[in-house]
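Since the structure comes first, as structure tokens, the remarks are kept for the end.
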Amino acid sequence: MAKSTHSVSSFARSVLDVVDRIPQGRVMSYGAIADQVGGSARSVGGVLSAWSEETNWHRVVYADGTPASCHGNSASGLLIDEEVPLLNGRVDLTRARWPDNGR
DNA sequence: GTTATGACTCCAG
DNA sequence: ACTGGAGCCATAA
């Protein structure tokens with residue numbers, strides 16, 4: 001709840017809330033989060049960039065499972081550390097996608 | 001209120 | 001599989 005101590009737009013707070021709910025070893029795509037908060041994938045990216053130090057941005061990946069770009073490839077290492085199944089450099093959404101729709 | 005930018009996603013070649 | 005172009009929405013100036 002460290003995030004609540006700062007003033008932020010309702011949209012950003014919603015995005016941070018969803019990302020914060022992603023369990024370890026699981027990932028969510030920008031578009032999926034955007035759909036949950038009612039925004040667009042780009043807007044979600046902007047929020048993550050602003051909260052990269054307080055948010056699990058490495059658990060958020062592209063629609064095809066590619067780890068979020070910036071900062072080189074540190075995301076892959078973090079994902080491995082989180083026990084996220086990687087497949088040829090991309091996240092295996094077949095197993096890591098969350099919520100895992102029924103599983 | 002308008003313009004420009006961005007950690008996105010989809011479609012076509 | 002990769003690249004380029006267009007669409008999408010929130011934030012900042």
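Labeling convention for the structure tokens: chains A, B, ... as they appear, residues from 1 per chain, ligands from 1 in order of appearance.
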C:DT11 surroundings by only C-alpha atoms (C1' of nucleotides), 12 Å radius, close-in-sequence under 3 positions cut, as a PyMOL selection string: (chain A and resi 8-9+11-12+42-47+49-50) or (chain B and resi 4-6)
Could I get the residues of chain B with an atom no further than 9 Å from an atom of chain A, each paired with its nearest atom pair and that distance in Å to one decimal, using only C-alpha atoms (C1' of nucleotides), sorted by chain and residue number, as CSV?
residue,atom,partner,partner_atom,distance
B:DG6,C1',A:Gly46,CA,6.6
B:DA7,C1',A:Gly45,CA,4.8
B:DC8,C1',A:Ala41,CA,4.7
B:DT9,C1',A:Ala63,CA,7.3
Restricting the output to all heavy atoms, write the selected residues as a compact mmCIF listing (two decimals), in the first residue's frame.
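Saved as out_24.txt:
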# COMPACT_ATOMS: atom_id res chain seq x y z
P DG B 6 8.53 9.36 -27.14
OP1 DG B 6 9.86 9.50 -26.54
OP2 DG B 6 8.40 9.01 -28.56
O5' DG B 6 7.72 8.25 -26.31
C5' DG B 6 7.54 8.43 -24.91
C4' DG B 6 6.70 7.30 -24.34
O4' DG B 6 5.32 7.55 -24.62
C3' DG B 6 7.06 5.93 -24.94
O3' DG B 6 7.14 4.92 -23.92
C2' DG B 6 5.91 5.63 -25.88
C1' DG B 6 4.75 6.41 -25.25
N9 DG B 6 3.77 6.86 -26.25
C8 DG B 6 4.01 7.26 -27.53
N7 DG B 6 2.93 7.57 -28.19
C5 DG B 6 1.91 7.37 -27.28
C6 DG B 6 0.51 7.52 -27.41
O6 DG B 6 -0.14 7.90 -28.39
N1 DG B 6 -0.17 7.21 -26.24
C2 DG B 6 0.44 6.80 -25.09
N2 DG B 6 -0.37 6.54 -24.07
N3 DG B 6 1.73 6.64 -24.94
C4 DG B 6 2.41 6.94 -26.07
P DA B 7 8.55 4.32 -23.78
OP1 DA B 7 9.46 4.92 -22.80
OP2 DA B 7 8.92 4.30 -25.20
O5' DA B 7 8.14 2.91 -23.20
C5' DA B 7 8.54 1.73 -23.86
C4' DA B 7 7.72 0.57 -23.37
O4' DA B 7 8.26 0.12 -22.13
C3' DA B 7 6.25 0.88 -23.15
O3' DA B 7 5.48 -0.11 -23.82
C2' DA B 7 6.04 0.77 -21.67
C1' DA B 7 7.19 -0.11 -21.20
N9 DA B 7 7.68 0.26 -19.87
C8 DA B 7 7.63 1.46 -19.26
N7 DA B 7 8.17 1.49 -18.08
C5 DA B 7 8.61 0.19 -17.89
C6 DA B 7 9.26 -0.44 -16.84
N6 DA B 7 9.62 0.15 -15.72
N1 DA B 7 9.54 -1.74 -16.97
C2 DA B 7 9.21 -2.36 -18.09
N3 DA B 7 8.59 -1.87 -19.17
C4 DA B 7 8.32 -0.56 -19.00
P DC B 8 4.87 0.15 -25.15
OP1 DC B 8 5.86 0.04 -26.19
OP2 DC B 8 4.01 1.36 -25.06
O5' DC B 8 3.90 -1.13 -25.20
C5' DC B 8 2.99 -1.36 -24.16
C4' DC B 8 1.67 -1.91 -24.70
O4' DC B 8 1.18 -1.00 -25.69
C3' DC B 8 1.81 -3.28 -25.37
O3' DC B 8 0.65 -4.07 -25.11
C2' DC B 8 1.90 -2.93 -26.83
C1' DC B 8 1.05 -1.68 -26.94
N1 DC B 8 1.49 -0.79 -28.03
C2 DC B 8 0.60 -0.54 -29.07
O2 DC B 8 -0.52 -1.06 -29.05
N3 DC B 8 0.99 0.26 -30.08
C4 DC B 8 2.21 0.80 -30.08
N4 DC B 8 2.54 1.59 -31.10
C5 DC B 8 3.12 0.57 -29.03
C6 DC B 8 2.74 -0.23 -28.03
P DT B 9 0.61 -5.56 -25.66
OP1 DT B 9 -0.17 -6.40 -24.75
OP2 DT B 9 1.99 -5.95 -26.04
O5' DT B 9 -0.25 -5.38 -26.98
C5' DT B 9 -1.61 -4.95 -26.83
C4' DT B 9 -2.32 -5.01 -28.18
O4' DT B 9 -1.82 -3.95 -29.02
C3' DT B 9 -2.13 -6.34 -28.92
O3' DT B 9 -3.40 -6.85 -29.30
C2' DT B 9 -1.30 -5.95 -30.14
C1' DT B 9 -1.60 -4.47 -30.32
N1 DT B 9 -0.49 -3.71 -30.93
C2 DT B 9 -0.79 -2.90 -32.01
O2 DT B 9 -1.91 -2.78 -32.48
N3 DT B 9 0.28 -2.22 -32.54
C4 DT B 9 1.58 -2.27 -32.11
O4 DT B 9 2.45 -1.60 -32.67
C5 DT B 9 1.82 -3.14 -30.98
C7 DT B 9 3.20 -3.27 -30.43
C6 DT B 9 0.77 -3.81 -30.44
Residue hits in chain C, query chain A, radius 9 Å, only C-alpha atoms (C1' of nucleotides), as a PyMOL selection string: chain C and resi 8-11
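Atom to atom, atom CA of A:Trp51 and atom CA of A:Val15 stand 10.4 Å apart.
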For atom CA of A:Ala32 and atom CA of A:Thr66, quote the distance in Å rounded to one decimal.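 Value for the atom CA of A:Ala32-atom CA of A:Thr66 distance: 14.2 Å.
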Based on DSSP run over this structure's backbone, return all residues of chain A in strand (DSSP E or B), as a PyMOL selection string. chain A and resi 27-29+60-61+67+86-87+90-91+97
Secondary structure check, alpha helix (DSSP H) residues of stretch 5-91 of chain A, as a PyMOL selection string: chain A and resi 10-21+30-37+41-50+74-81
Output N, CA, C and O atoms for every residue in the selection just made, as a short mmCIF file (atom, residue, chain, number, x, y, z; two decimals), in the first residue's frame.
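And here's out-v8.cif as it stands now:
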data_model
loop_
_atom_site.label_atom_id
_atom_site.label_comp_id
_atom_site.auth_asym_id
_atom_site.auth_seq_id
_atom_site.Cartn_x
_atom_site.Cartn_y
_atom_site.Cartn_z
N SER A 10 -7.01 7.84 -10.78
CA SER A 10 -7.76 6.62 -10.57
C SER A 10 -7.34 5.54 -11.56
O SER A 10 -7.26 4.37 -11.23
N PHE A 11 -7.06 5.96 -12.77
CA PHE A 11 -6.65 5.01 -13.80
C PHE A 11 -5.34 4.31 -13.40
O PHE A 11 -5.25 3.09 -13.42
N ALA A 12 -4.36 5.10 -13.01
CA ALA A 12 -3.06 4.53 -12.61
C ALA A 12 -3.24 3.60 -11.42
O ALA A 12 -2.66 2.51 -11.37
N ARG A 13 -4.02 4.00 -10.46
CA ARG A 13 -4.23 3.19 -9.26
C ARG A 13 -4.85 1.85 -9.64
O ARG A 13 -4.49 0.82 -9.11
N SER A 14 -5.78 1.87 -10.57
CA SER A 14 -6.42 0.63 -11.01
C SER A 14 -5.40 -0.31 -11.66
O SER A 14 -5.37 -1.49 -11.40
N VAL A 15 -4.56 0.27 -12.51
CA VAL A 15 -3.54 -0.54 -13.18
C VAL A 15 -2.59 -1.14 -12.15
O VAL A 15 -2.30 -2.33 -12.18
N LEU A 16 -2.12 -0.32 -11.23
CA LEU A 16 -1.19 -0.80 -10.20
C LEU A 16 -1.85 -1.88 -9.37
O LEU A 16 -1.21 -2.85 -8.97
N ASP A 17 -3.11 -1.73 -9.11
CA ASP A 17 -3.83 -2.72 -8.30
C ASP A 17 -3.86 -4.06 -9.00
O ASP A 17 -3.62 -5.10 -8.41
N VAL A 18 -4.16 -4.04 -10.29
CA VAL A 18 -4.23 -5.29 -11.06
C VAL A 18 -2.85 -5.95 -11.13
O VAL A 18 -2.71 -7.15 -10.90
N VAL A 19 -1.84 -5.17 -11.42
CA VAL A 19 -0.47 -5.71 -11.53
C VAL A 19 -0.03 -6.28 -10.19
O VAL A 19 0.61 -7.33 -10.13
N ASP A 20 -0.38 -5.59 -9.14
CA ASP A 20 0.02 -6.03 -7.80
C ASP A 20 -0.66 -7.35 -7.43
O ASP A 20 -0.19 -8.09 -6.58
N ARG A 21 -1.76 -7.67 -8.08
CA ARG A 21 -2.48 -8.92 -7.80
C ARG A 21 -1.89 -10.10 -8.54
O ARG A 21 -2.24 -11.23 -8.26
N TYR A 30 -0.29 -6.42 -21.41
CA TYR A 30 -0.73 -5.03 -21.31
C TYR A 30 -2.19 -4.91 -21.74
O TYR A 30 -2.98 -4.23 -21.08
N GLY A 31 -2.52 -5.54 -22.82
CA GLY A 31 -3.89 -5.46 -23.34
C GLY A 31 -4.89 -6.03 -22.35
O GLY A 31 -5.99 -5.50 -22.19
N ALA A 32 -4.52 -7.11 -21.67
CA ALA A 32 -5.43 -7.72 -20.70
C ALA A 32 -5.69 -6.77 -19.54
O ALA A 32 -6.81 -6.59 -19.10
N ILE A 33 -4.64 -6.13 -19.07
CA ILE A 33 -4.79 -5.17 -17.98
C ILE A 33 -5.61 -3.98 -18.46
O ILE A 33 -6.50 -3.50 -17.76
N ALA A 34 -5.31 -3.52 -19.65
CA ALA A 34 -6.04 -2.38 -20.22
C ALA A 34 -7.54 -2.70 -20.28
O ALA A 34 -8.38 -1.87 -20.00
N ASP A 35 -7.83 -3.94 -20.62
CA ASP A 35 -9.23 -4.35 -20.72
C ASP A 35 -9.87 -4.37 -19.33
O ASP A 35 -11.04 -4.08 -19.16
N GLN A 36 -9.10 -4.72 -18.33
CA GLN A 36 -9.61 -4.78 -16.96
C GLN A 36 -9.89 -3.39 -16.41
O GLN A 36 -10.86 -3.18 -15.70
N VAL A 37 -9.02 -2.45 -16.70
CA VAL A 37 -9.18 -1.10 -16.17
C VAL A 37 -9.95 -0.19 -17.12
O VAL A 37 -10.29 0.93 -16.77
N ALA A 41 -3.65 -0.42 -24.09
CA ALA A 41 -2.37 -1.02 -23.71
C ALA A 41 -1.32 0.07 -23.52
O ALA A 41 -0.50 -0.01 -22.61
N ARG A 42 -1.30 1.07 -24.36
CA ARG A 42 -0.30 2.15 -24.27
C ARG A 42 -0.42 2.87 -22.94
O ARG A 42 0.56 3.23 -22.31
N SER A 43 -1.60 3.12 -22.50
CA SER A 43 -1.80 3.84 -21.24
C SER A 43 -1.26 3.03 -20.09
O SER A 43 -0.67 3.55 -19.16
N VAL A 44 -1.45 1.71 -20.16
CA VAL A 44 -0.94 0.84 -19.11
C VAL A 44 0.58 0.93 -19.06
O VAL A 44 1.18 1.02 -17.99
N GLY A 45 1.21 0.94 -20.21
CA GLY A 45 2.67 1.04 -20.28
C GLY A 45 3.15 2.32 -19.62
O GLY A 45 4.15 2.33 -18.91
N GLY A 46 2.43 3.40 -19.83
CA GLY A 46 2.83 4.67 -19.23
C GLY A 46 2.79 4.60 -17.72
O GLY A 46 3.68 5.11 -17.05
N VAL A 47 1.79 3.95 -17.17
CA VAL A 47 1.68 3.82 -15.71
C VAL A 47 2.83 2.98 -15.17
O VAL A 47 3.47 3.34 -14.19
N LEU A 48 3.12 1.88 -15.83
CA LEU A 48 4.22 1.01 -15.38
C LEU A 48 5.54 1.75 -15.41
O LEU A 48 6.36 1.62 -14.52
N SER A 49 5.75 2.55 -16.45
CA SER A 49 7.01 3.28 -16.56
C SER A 49 7.16 4.26 -15.40
O SER A 49 8.24 4.51 -14.92
N ALA A 50 6.04 4.80 -14.96
CA ALA A 50 6.08 5.78 -13.87
C ALA A 50 6.28 5.10 -12.52
O ALA A 50 6.77 5.70 -11.58
N SER A 74 16.64 -7.29 -18.85
CA SER A 74 16.61 -7.65 -17.43
C SER A 74 15.32 -8.39 -17.08
O SER A 74 15.29 -9.19 -16.15
N ALA A 75 14.28 -8.18 -17.82
CA ALA A 75 12.99 -8.81 -17.54
C ALA A 75 13.11 -10.33 -17.57
O ALA A 75 12.61 -11.02 -16.69
N SER A 76 13.81 -10.87 -18.54
CA SER A 76 13.94 -12.32 -18.66
C SER A 76 14.55 -12.92 -17.41
O SER A 76 14.07 -13.92 -16.88
N GLY A 77 15.60 -12.31 -16.90
CA GLY A 77 16.25 -12.81 -15.69
C GLY A 77 15.29 -12.77 -14.51
O GLY A 77 15.21 -13.71 -13.72
N LEU A 78 14.53 -11.69 -14.39
CA LEU A 78 13.57 -11.57 -13.30
C LEU A 78 12.49 -12.63 -13.43
O LEU A 78 12.09 -13.25 -12.45
N LEU A 79 12.03 -12.86 -14.65
CA LEU A 79 10.99 -13.86 -14.86
C LEU A 79 11.49 -15.24 -14.47
O LEU A 79 10.78 -16.03 -13.83
N ILE A 80 12.72 -15.55 -14.83
CA ILE A 80 13.30 -16.84 -14.47
C ILE A 80 13.37 -16.96 -12.96
O ILE A 80 13.07 -17.99 -12.37
N ASP A 81 13.74 -15.87 -12.31
CA ASP A 81 13.84 -15.85 -10.86
C ASP A 81 12.47 -16.03 -10.22
O ASP A 81 12.35 -16.49 -9.09
#
C:DG5 surroundings by only C-alpha atoms (C1' of nucleotides), 12 Å radius, close-in-sequence under 2 positions cut, as a list in words: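 In the requested format, the answer is DC10, DC11, DA12 and DG13 of chain B; DT3 and DG7 of chain C.
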